[in-house]
Amino acid sequence: MNELEISLGSKAEETPLIHVDHVSRHYDDGAVKALDDVSLTVRRGDYLAIMGPSGSGKSTLLNLLGALDRPDTGEIFFNGHGLSRCHDLDHFRAMTLGFVFQSFYLLPTLTALENVQIPMFEGPRGVRQRVEHARGLLELVGMSHRSQSLPMKLSVGERQRVAIARALANDPQLLLADEPTGNLDSKSGALVLDLFDCLHRERGVTIVLITHGAEVAARAGRTVWICDGHLSESPPARGQSCG
Amino acid sequence: MRLTQVAARNLLRRPARTILTVVGIGIAVAVVVALVGVAESLESSFLKLYVDQSVDLVVQRRGGTMQLSKGLTDKLGDQIRAIPGVRGVIGGLMDMVAFEEHGLFMVIVNGWEPDCPVLDRVKILEGRRLQADDRRHVMLGRVLAAQLNKHPGDKIELYAQSFEVIGVFESFSIYENGAAFLLMDELQRQMDRPGQLTGYVIQVEPHGEQRTIDRVGHDIEALDPEVAATPCFDFVHSLKQMKVTRTMAWVVSAIAALLGACGMLNTMAMSVFERRREFGILRAVGWRPRRIVQLVLLESLCLAAAGACLGISVGLTVPVLLTYWPPTAVLVQGDLSFSGVLAGIALALITAVVGAVYPAYSCATIPPVEALRSA
Ligand SMILES: Nc1ncnc2c1ncn2[C@@H]1O[C@H](COP(=O)(O)OP(=O)(O)O)[C@@H](O)[C@H]1O
Ligand SMILES: [Mg+2]
């Protein structure tokens with residue numbers, strides 16, 4: 001029914017997947033304003049790139065979107081529900097979100113196949129179903145031939161693909177990626193981005209991605225810029241310092 | 001994949017640390033199992049000495065159990081025999097001697113009347129039993145005879161005099177197997193305590209009936225205010241030696257437990273702390289703090305279980321080995337101690353929980369962003 005509503009452009013489309021409403025996040029007793037009164041709307045099926053210089057507050061915003069952190073002021077709505085009023089953010093993260101990090105963050109003692117199963121502990125799948133589902137996901141990211149390998153034995157590009165498979169473990173509505181190609185060479189970076197394209201196009205996954213590269217952002221349907229904790233929908237003028 | 005597999009992988013990540021921790025816990029558990037076991041075995045073999053003879057009451061001079069110095073008179077025995085309900089009265093005199101050249105320092109010497117049932121009860125292996133007119137004659141328990149390497153006809157030196165070994169006997173009691181028997185008047189003469197006994201053991205009719213035991217005990221104590229008549233079990237349980245051994249066992253066990261817990265706490269705290277980032281990852285993908293605590297607890301339970309297995313097998317072997325070592329052979333009956341094993345398991349369990357829950361909980365509740373930022 002949801003999809004029908006979206007395609008008809010009816011009421012459901014008016015409730016965005018994410019609505020960031022005047023959010024601020026300060027560190028060190030307000031000395032560092034990592035985010036300052038930021039508002040942003042992400043619709044279902046969007047592919048959004050966030051750009052900005054380092055230290056501008058991109059990761060801070062992504063962590064807030066991912067319910068890993070709470071804003072000091074303002075509210076983040078997911079499907080119209082305020083996250084500050086959610087009692088079980090752990091469960092929310094497990095079942096709704098997928099994370100992809102710059103340095104992969106795979107567990108070093110577990111094989112690729114086992115790493116992919118980690119988020120499924122929170123889901124409804126039994127032991128066998130977890131293995132099967134994980135195999136399917138590794139196949140999706142083109143890593144089924146390395147399913148028994150430990151992360152140490154994989155190339156960085158392969159690690160990131162395993163991490164993407166893990167992010168998809170519980171069929172998330174939203175994929176959050178913090179500089180997913182930042183540690184990759186251009187070839188494996190392109191492979192990872194192809195994968196994102198495919199997930200976005202064929203599975204309708206909403207993606208929010210942080211990047212430094214304009215060619216990465218070009219793949220996204222929409223780009224926003226953050227400078228000194230302020231968000232803008234248009235790129236900063238050339239040569240002009242942001243903010 | 002199950003949580004247990006995740007836990008196992010973490011334990012195998014640092015095999016040396018895992019093994020050292022298991023050995024540490026194993027030692028602590030072994031100490032507890034062995035000490036509690038030896039203390040219990042000491043008590044139960046002593047109790048057996050009385051129970052197997054159907055002893056109901058032990059009569060001694062008040063103000064101290066196992067008093068060798070102050071005794072009772074042999075007249076008291078006749079008075080006790082006259083009390084209704086008394087079926088048997090055995091008087092005994094006891095002393096301790098040393099055979100230094102054999103490394104034996106606490107050998108029990110018992111003096112019995114020639115018609116004493118004890119002399120009939122023990123099984124003669126060699127020679128014959130003591131008889132009424134035997135002078136400077138001694139019977140040796142099986143273990144003592146072996147330790148001294150003496151047979152009937154050989155001489156031993158006792159109280160600076162030469163005694164002839166007249167017989168070698170075997171008893172159900174390891175205490176008697178390590179003891180020497182003399183005739184009562186001979187021992188009284190050697191100890192220079194004519195007419196004196198260390199104590200009496202009493203059987204009542206019917207045997208074991210609490211009311212009769214209480215009444216007879218009361219009657220005996222009425223004969224002489226200096227005399228205490230104690231039910232058999234209470235007597236053995238209250239022996240100072242038993243109390244000291246028991247207390248020692250528990251004190252040393254408590255220290256071992258403390259050391260074990262510290263070792264576990266150290267290991268788990270280290271292992272948890274160096275995994276802060278991983279816990280951050282787990283939190284990020286939606287694991288609740290509770291599941292992380294479960295994972296760490298599972299790891300420490302595995303360590304504790306391995307330590308307990310190691311410790312229990314060592315701790316149960318030690319008392320058995322002690323029965324082959326001459327100085328302790330007469331004290332310890334290498335039987336398995338249930339409460340020792342229980343105490344060992346309890347120690348391992350407590351260690352696991354104490355060692356795991358606090359470090360795990362303190363790391364699992366760090367906000368995920370902070371945990372991810374840590375190196
Ligand atoms: N936990 C924190 N404590 C203090 N300052 C922080 C913390 N996290 C981020 N910051 C600061 O907030 C600002 C934004 O950081 P971040 O969002 O990580 O930037 P970006 O991802 O765009 O490089 C930076 O100045 C950073 O130093
Ligand atoms: Mg960043």
# chains A, B, ... in the order shown; residues from 1 in each chain; ligands from 1
$ closest_atom_pairs --of "chain A" --to "chain B" --cutoff "8 Å" --atoms "only C-alpha atoms" --output "tab-separated table"
residue	atom	partner	partner_atom	distance
A:Asn63	CA	B:Val369	CA	7.3
A:Leu68	CA	B:Pro368	CA	5.9
A:Asp69	CA	B:Val369	CA	6.5
A:Leu89	CA	B:Gly286	CA	7.9
A:Asp90	CA	B:Gly286	CA	4.5
A:His91	CA	B:Gly286	CA	5.7
A:Phe92	CA	B:Gly286	CA	7.3
A:Arg93	CA	B:Gly286	CA	5.1
A:Ala94	CA	B:Gly286	CA	4.0
A:Met95	CA	B:Gly286	CA	7.7
A:Leu97	CA	B:Val285	CA	8.0
A:Gly98	CA	B:Val285	CA	7.2
A:Phe99	CA	B:Val285	CA	7.1
A:Tyr105	CA	B:Ile281	CA	6.6
A:Leu106	CA	B:Ile281	CA	8.0
A:Leu107	CA	B:Glu278	CA	6.6
A:Thr109	CA	B:Arg9	CA	5.9
A:Leu110	CA	B:Arg9	CA	7.2
A:Glu114	CA	B:Met1	CA	6.6
A:Gln117	CA	B:Met1	CA	7.1
A:Ile118	CA	B:Leu282	CA	7.7
A:Pro119	CA	B:Val285	CA	5.5
A:Phe121	CA	B:Trp287	CA	7.7
A:Glu122	CA	B:Trp287	CA	6.7
A:Val127	CA	B:Met1	CA	5.9
A:Arg128	CA	B:Met1	CA	7.9
A:Arg130	CA	B:Met1	CA	7.4
A:Val131	CA	B:Met1	CA	7.0
A:Ala167	CA	B:Val285	CA	7.8
$ write_last_selection --atoms "N, CA, C and O atoms" --output "short mmCIF file (atom, residue, chain, number, x, y, z; two decimals), in the first residue's frame"
data_model
loop_
_atom_site.label_atom_id
_atom_site.label_comp_id
_atom_site.auth_asym_id
_atom_site.auth_seq_id
_atom_site.Cartn_x
_atom_site.Cartn_y
_atom_site.Cartn_z
N ASN A 63 25.69 10.62 12.20
CA ASN A 63 25.49 9.88 13.45
C ASN A 63 24.13 10.21 14.07
O ASN A 63 23.49 9.35 14.67
N LEU A 68 22.81 7.15 16.46
CA LEU A 68 23.95 6.78 17.29
C LEU A 68 24.22 7.86 18.33
O LEU A 68 24.94 7.67 19.29
N ASP A 69 23.64 9.02 18.11
CA ASP A 69 23.89 10.19 18.93
C ASP A 69 22.58 10.97 19.00
O ASP A 69 21.70 10.78 18.16
N LEU A 89 16.16 2.62 20.73
CA LEU A 89 16.92 3.05 19.55
C LEU A 89 17.79 1.91 19.02
O LEU A 89 18.05 1.85 17.82
N ASP A 90 18.24 1.00 19.90
CA ASP A 90 19.04 -0.13 19.44
C ASP A 90 18.26 -0.96 18.44
O ASP A 90 18.75 -1.30 17.37
N HIS A 91 17.02 -1.26 18.80
CA HIS A 91 16.17 -2.05 17.92
C HIS A 91 15.88 -1.29 16.63
O HIS A 91 15.91 -1.86 15.53
N PHE A 92 15.64 0.01 16.77
CA PHE A 92 15.39 0.86 15.60
C PHE A 92 16.57 0.79 14.63
O PHE A 92 16.40 0.58 13.43
N ARG A 93 17.79 0.94 15.18
CA ARG A 93 18.98 0.87 14.33
C ARG A 93 19.08 -0.48 13.64
O ARG A 93 19.37 -0.58 12.45
N ALA A 94 18.86 -1.53 14.43
CA ALA A 94 19.05 -2.87 13.90
C ALA A 94 18.10 -3.15 12.74
O ALA A 94 18.50 -3.71 11.73
N MET A 95 16.86 -2.75 12.87
CA MET A 95 15.85 -3.19 11.93
C MET A 95 15.62 -2.20 10.79
O MET A 95 15.03 -2.56 9.77
N LEU A 97 18.04 0.61 9.84
CA LEU A 97 19.20 1.30 9.27
C LEU A 97 20.30 0.33 8.90
O LEU A 97 20.44 -0.74 9.50
N GLY A 98 21.09 0.75 7.91
CA GLY A 98 22.33 0.04 7.61
C GLY A 98 23.47 1.05 7.60
O GLY A 98 23.31 2.14 7.06
N PHE A 99 24.58 0.68 8.27
CA PHE A 99 25.72 1.60 8.31
C PHE A 99 26.87 1.06 7.47
O PHE A 99 27.17 -0.12 7.51
N TYR A 105 35.03 -1.32 9.75
CA TYR A 105 34.57 -1.78 11.06
C TYR A 105 34.01 -3.19 11.05
O TYR A 105 32.95 -3.48 11.60
N LEU A 106 34.72 -4.09 10.38
CA LEU A 106 34.33 -5.51 10.48
C LEU A 106 34.95 -6.07 11.76
O LEU A 106 35.96 -5.56 12.24
N LEU A 107 34.35 -7.13 12.31
CA LEU A 107 34.94 -7.74 13.50
C LEU A 107 36.06 -8.67 13.05
O LEU A 107 35.85 -9.57 12.24
N THR A 109 37.71 -11.14 14.29
CA THR A 109 37.77 -12.57 14.59
C THR A 109 36.76 -13.38 13.80
O THR A 109 36.77 -14.61 13.87
N LEU A 110 35.89 -12.68 13.08
CA LEU A 110 34.82 -13.40 12.39
C LEU A 110 35.05 -13.40 10.88
O LEU A 110 35.58 -12.44 10.32
N GLU A 114 30.28 -14.65 8.74
CA GLU A 114 29.83 -14.41 10.12
C GLU A 114 29.62 -12.93 10.39
O GLU A 114 28.67 -12.54 11.09
N GLN A 117 26.31 -11.80 9.47
CA GLN A 117 25.19 -12.27 10.31
C GLN A 117 25.01 -11.46 11.60
O GLN A 117 23.98 -11.57 12.26
N ILE A 118 26.03 -10.68 11.95
CA ILE A 118 25.99 -9.99 13.25
C ILE A 118 24.71 -9.19 13.50
O ILE A 118 24.07 -9.35 14.55
N PRO A 119 24.27 -8.36 12.56
CA PRO A 119 23.04 -7.59 12.85
C PRO A 119 21.81 -8.49 12.96
O PRO A 119 20.81 -8.10 13.55
N PHE A 121 21.29 -11.00 14.69
CA PHE A 121 20.99 -11.46 16.05
C PHE A 121 19.77 -10.74 16.60
O PHE A 121 19.05 -11.28 17.43
N GLU A 122 19.57 -9.50 16.14
CA GLU A 122 18.43 -8.73 16.66
C GLU A 122 17.15 -9.04 15.90
O GLU A 122 16.08 -8.68 16.34
N VAL A 127 19.06 -19.59 13.43
CA VAL A 127 20.48 -19.77 13.13
C VAL A 127 20.69 -20.12 11.66
O VAL A 127 21.54 -19.54 10.98
N ARG A 128 19.91 -21.06 11.16
CA ARG A 128 20.10 -21.50 9.77
C ARG A 128 19.74 -20.43 8.76
O ARG A 128 20.43 -20.23 7.77
N ARG A 130 19.86 -17.34 9.17
CA ARG A 130 20.88 -16.29 9.16
C ARG A 130 21.98 -16.64 8.17
O ARG A 130 22.40 -15.82 7.35
N VAL A 131 22.45 -17.87 8.24
CA VAL A 131 23.53 -18.28 7.35
C VAL A 131 23.09 -18.16 5.89
O VAL A 131 23.81 -17.62 5.05
N ALA A 167 25.49 -4.30 6.20
CA ALA A 167 24.54 -3.20 6.37
C ALA A 167 23.16 -3.58 5.86
O ALA A 167 22.15 -3.07 6.33
#
$ select_by_dssp --residues "segment 146-216 of chain A" --states "strand (DSSP E or B)" --output "list in words"
Leu174, Leu175, Leu176, Ala177, Asp178, Thr206, Ile207, Val208, Leu209 and Ile210 of chain A
$ write_last_selection --atoms "N, CA and C atoms" --output "PDB file, in the first residue's frame"
ATOM      1  N   LEU A 174      17.006   2.558   5.198  1.00  0.00           N
ATOM      2  CA  LEU A 174      17.935   3.664   4.990  1.00  0.00           C
ATOM      3  C   LEU A 174      19.363   3.170   5.143  1.00  0.00           C
ATOM      4  N   LEU A 175      20.180   3.518   4.144  1.00  0.00           N
ATOM      5  CA  LEU A 175      21.584   3.145   4.203  1.00  0.00           C
ATOM      6  C   LEU A 175      22.398   4.415   4.450  1.00  0.00           C
ATOM      7  N   LEU A 176      23.190   4.408   5.530  1.00  0.00           N
ATOM      8  CA  LEU A 176      24.007   5.572   5.868  1.00  0.00           C
ATOM      9  C   LEU A 176      25.459   5.212   5.637  1.00  0.00           C
ATOM     10  N   ALA A 177      26.173   6.019   4.838  1.00  0.00           N
ATOM     11  CA  ALA A 177      27.554   5.677   4.516  1.00  0.00           C
ATOM     12  C   ALA A 177      28.442   6.890   4.751  1.00  0.00           C
ATOM     13  N   ASP A 178      29.450   6.726   5.636  1.00  0.00           N
ATOM     14  CA  ASP A 178      30.357   7.820   5.979  1.00  0.00           C
ATOM     15  C   ASP A 178      31.667   7.637   5.212  1.00  0.00           C
ATOM     16  N   THR A 206      16.842   3.900   0.351  1.00  0.00           N
ATOM     17  CA  THR A 206      17.213   5.303   0.510  1.00  0.00           C
ATOM     18  C   THR A 206      18.659   5.364   0.995  1.00  0.00           C
ATOM     19  N   ILE A 207      19.466   6.222   0.366  1.00  0.00           N
ATOM     20  CA  ILE A 207      20.878   6.262   0.712  1.00  0.00           C
ATOM     21  C   ILE A 207      21.283   7.688   1.075  1.00  0.00           C
ATOM     22  N   VAL A 208      21.986   7.816   2.193  1.00  0.00           N
ATOM     23  CA  VAL A 208      22.621   9.088   2.532  1.00  0.00           C
ATOM     24  C   VAL A 208      24.100   8.814   2.664  1.00  0.00           C
ATOM     25  N   LEU A 209      24.921   9.549   1.897  1.00  0.00           N
ATOM     26  CA  LEU A 209      26.327   9.207   1.771  1.00  0.00           C
ATOM     27  C   LEU A 209      27.178  10.461   1.935  1.00  0.00           C
ATOM     28  N   ILE A 210      28.227  10.337   2.719  1.00  0.00           N
ATOM     29  CA  ILE A 210      29.171  11.442   2.869  1.00  0.00           C
ATOM     30  C   ILE A 210      30.330  11.196   1.920  1.00  0.00           C
TER      31      ILE A 210
END
$ atom_distance --atom1 "atom CA of Met139 of chain B" --atom2 "atom CA of Val165 of chain B"
5.9 Å
$ atom_distance --atom1 "atom 15 (O, counted along the ligand's line) of ligand 1" --atom2 "atom CA of His26 of chain A"
9.9 Å
$ closest_residue --among "A:Glu158, A:Asp46, A:Glu233, A:Asp228" --to "ligand 1" --atoms "only C-alpha atoms and all ligand atoms"
A:Asp228
$ closest_residue --among "A:Lys58, A:Lys33, A:Arg146, A:Arg70" --to "ligand 2" --atoms "only C-alpha atoms and all ligand atoms"
A:Lys58
$ residues_near_ligand --ligand "ligand 1" --cutoff "7 Å" --atoms "only C-alpha atoms and all ligand atoms" --output "ChimeraX atom specification"
/A:27-28,32-34,52-61 /B:370
$ write_last_selection --atoms "C-alpha atoms" --output "compact mmCIF listing (two decimals), in the first residue's frame"
# COMPACT_ATOMS: atom_id res chain seq x y z
CA TYR A 27 30.69 19.71 21.90
CA ASP A 28 32.85 20.86 24.78
CA VAL A 32 32.53 23.49 19.23
CA LYS A 33 29.33 23.93 17.28
CA ALA A 34 29.56 20.79 15.16
CA GLY A 52 31.97 19.55 2.90
CA PRO A 53 35.46 20.07 4.21
CA SER A 54 36.72 17.86 6.97
CA GLY A 55 35.65 18.89 10.44
CA SER A 56 32.56 20.62 9.07
CA GLY A 57 30.09 18.37 10.85
CA LYS A 58 29.20 15.74 8.24
CA SER A 59 29.81 12.72 10.46
CA THR A 60 28.02 14.44 13.32
CA LEU A 61 24.94 14.80 11.13
CA GLU B 370 32.19 7.46 21.62
$ residues_around --residues "segment 193-208 of chain B" --least-positions-apart "2" --cutoff "9 Å" --atoms "only C-alpha atoms" --output "PyMOL selection string"
chain B and resi 50+53-61+66-75+77+80+84-95+111+184-185+187-191+210-213+216+232
$ select_by_dssp --residues "segment 144-215 of chain A" --states "helix (DSSP H, G or I)" --output "ChimeraX atom specification"
/A:144-146,151-153,156-167,186-203,214-215
$ residues_around --residues "Lys150 of chain B" --least-positions-apart "6" --cutoff "12 Å" --atoms "only C-alpha atoms" --output "list in words"
His102, Glu126, Gly127, Val138, Met139, Leu140, Gly141, Arg142, Val143, Leu144, Ile156, Glu157, Phe163, Glu164, Val165, Ile166, Gly167, Val168 and Ala180 of chain B
$ residues_around --residues "Pro235 of chain A" --least-positions-apart "5" --cutoff "9 Å" --atoms "only C-alpha atoms" --output "ChimeraX atom specification"
/A:51,223-225
$ write_last_selection --atoms "N, CA and C atoms" --output "PDB file, in the first residue's frame"
ATOM      1  N   MET A  51      28.413  16.784   1.207  1.00  0.00           N
ATOM      2  CA  MET A  51      29.801  17.158   0.972  1.00  0.00           C
ATOM      3  C   MET A  51      30.198  18.261   1.936  1.00  0.00           C
ATOM      4  N   THR A 223      22.622  16.671  -3.785  1.00  0.00           N
ATOM      5  CA  THR A 223      23.787  16.904  -2.943  1.00  0.00           C
ATOM      6  C   THR A 223      23.513  18.093  -2.026  1.00  0.00           C
ATOM      7  N   VAL A 224      23.926  17.961  -0.761  1.00  0.00           N
ATOM      8  CA  VAL A 224      23.884  19.122   0.140  1.00  0.00           C
ATOM      9  C   VAL A 224      25.303  19.367   0.640  1.00  0.00           C
ATOM     10  N   TRP A 225      25.563  20.567   1.069  1.00  0.00           N
ATOM     11  CA  TRP A 225      26.907  20.932   1.540  1.00  0.00           C
ATOM     12  C   TRP A 225      26.842  21.372   2.997  1.00  0.00           C
TER      13      TRP A 225
END
$ atom_distance --atom1 "atom CA of Met152 of chain A" --atom2 "atom CA of Met268 of chain B"
24.3 Å
$ decode --residues "segment 89-117 of chain B" --atoms "N, CA and C atoms" --output "compact mmCIF listing (two decimals), in the first residue's frame"
# COMPACT_ATOMS: atom_id res chain seq x y z
N VAL B 89 31.25 -50.20 77.72
CA VAL B 89 32.13 -49.11 78.12
C VAL B 89 33.55 -49.51 77.76
N ILE B 90 34.21 -48.70 76.96
CA ILE B 90 35.61 -48.97 76.65
C ILE B 90 36.43 -47.79 77.13
N GLY B 91 37.38 -48.09 78.02
CA GLY B 91 38.27 -47.02 78.49
C GLY B 91 39.57 -47.09 77.72
N GLY B 92 40.12 -45.93 77.43
CA GLY B 92 41.38 -45.92 76.70
C GLY B 92 42.29 -44.83 77.21
N LEU B 93 43.60 -45.10 77.10
CA LEU B 93 44.59 -44.09 77.42
C LEU B 93 45.32 -43.81 76.12
N MET B 94 45.60 -42.55 75.89
CA MET B 94 46.22 -42.21 74.61
C MET B 94 47.43 -41.33 74.82
N ASP B 95 48.41 -41.54 73.97
CA ASP B 95 49.61 -40.69 74.00
C ASP B 95 50.07 -40.49 72.57
N MET B 96 50.96 -39.54 72.40
CA MET B 96 51.57 -39.31 71.09
C MET B 96 53.08 -39.48 71.23
N VAL B 97 53.69 -40.19 70.33
CA VAL B 97 55.14 -40.33 70.36
C VAL B 97 55.69 -40.05 68.96
N ALA B 98 57.01 -39.91 68.91
CA ALA B 98 57.66 -39.66 67.62
C ALA B 98 58.67 -40.77 67.35
N PHE B 99 58.79 -41.15 66.07
CA PHE B 99 59.90 -41.99 65.63
C PHE B 99 60.71 -41.14 64.66
N GLU B 100 61.58 -40.33 65.25
CA GLU B 100 62.21 -39.29 64.44
C GLU B 100 63.02 -39.85 63.28
N GLU B 101 63.73 -40.96 63.53
CA GLU B 101 64.59 -41.48 62.47
C GLU B 101 63.77 -41.97 61.28
N HIS B 102 62.45 -42.18 61.51
CA HIS B 102 61.57 -42.56 60.39
C HIS B 102 60.73 -41.41 59.88
N GLY B 103 60.97 -40.24 60.43
CA GLY B 103 60.21 -39.08 59.98
C GLY B 103 58.77 -39.08 60.45
N LEU B 104 58.48 -39.80 61.52
CA LEU B 104 57.11 -39.85 62.05
C LEU B 104 57.09 -39.09 63.37
N PHE B 105 56.25 -38.04 63.44
CA PHE B 105 56.30 -37.18 64.62
C PHE B 105 55.03 -37.22 65.45
N MET B 106 53.97 -37.75 64.92
CA MET B 106 52.73 -37.77 65.70
C MET B 106 52.09 -39.15 65.61
N VAL B 107 52.75 -40.11 66.21
CA VAL B 107 52.21 -41.46 66.19
C VAL B 107 51.38 -41.67 67.47
N ILE B 108 50.16 -42.14 67.25
CA ILE B 108 49.26 -42.37 68.38
C ILE B 108 49.61 -43.68 69.06
N VAL B 109 49.70 -43.64 70.41
CA VAL B 109 49.86 -44.87 71.19
C VAL B 109 48.61 -45.03 72.05
N ASN B 110 47.93 -46.16 71.93
CA ASN B 110 46.73 -46.43 72.72
C ASN B 110 47.03 -47.50 73.76
N GLY B 111 46.52 -47.29 74.96
CA GLY B 111 46.58 -48.34 75.98
C GLY B 111 45.20 -48.93 76.18
N TRP B 112 45.07 -50.27 76.07
CA TRP B 112 43.78 -50.94 76.22
C TRP B 112 43.89 -52.00 77.33
N GLU B 113 42.77 -52.26 78.00
CA GLU B 113 42.70 -53.39 78.92
C GLU B 113 42.84 -54.68 78.11
N PRO B 114 43.36 -55.75 78.72
CA PRO B 114 43.55 -57.01 77.98
C PRO B 114 42.24 -57.55 77.39
N ASP B 115 41.10 -57.27 78.08
CA ASP B 115 39.83 -57.81 77.57
C ASP B 115 39.07 -56.79 76.73
N CYS B 116 39.75 -55.73 76.35
CA CYS B 116 39.09 -54.65 75.60
C CYS B 116 38.62 -55.16 74.23
N PRO B 117 37.35 -54.82 73.84
CA PRO B 117 36.83 -55.28 72.54
C PRO B 117 37.66 -54.78 71.35
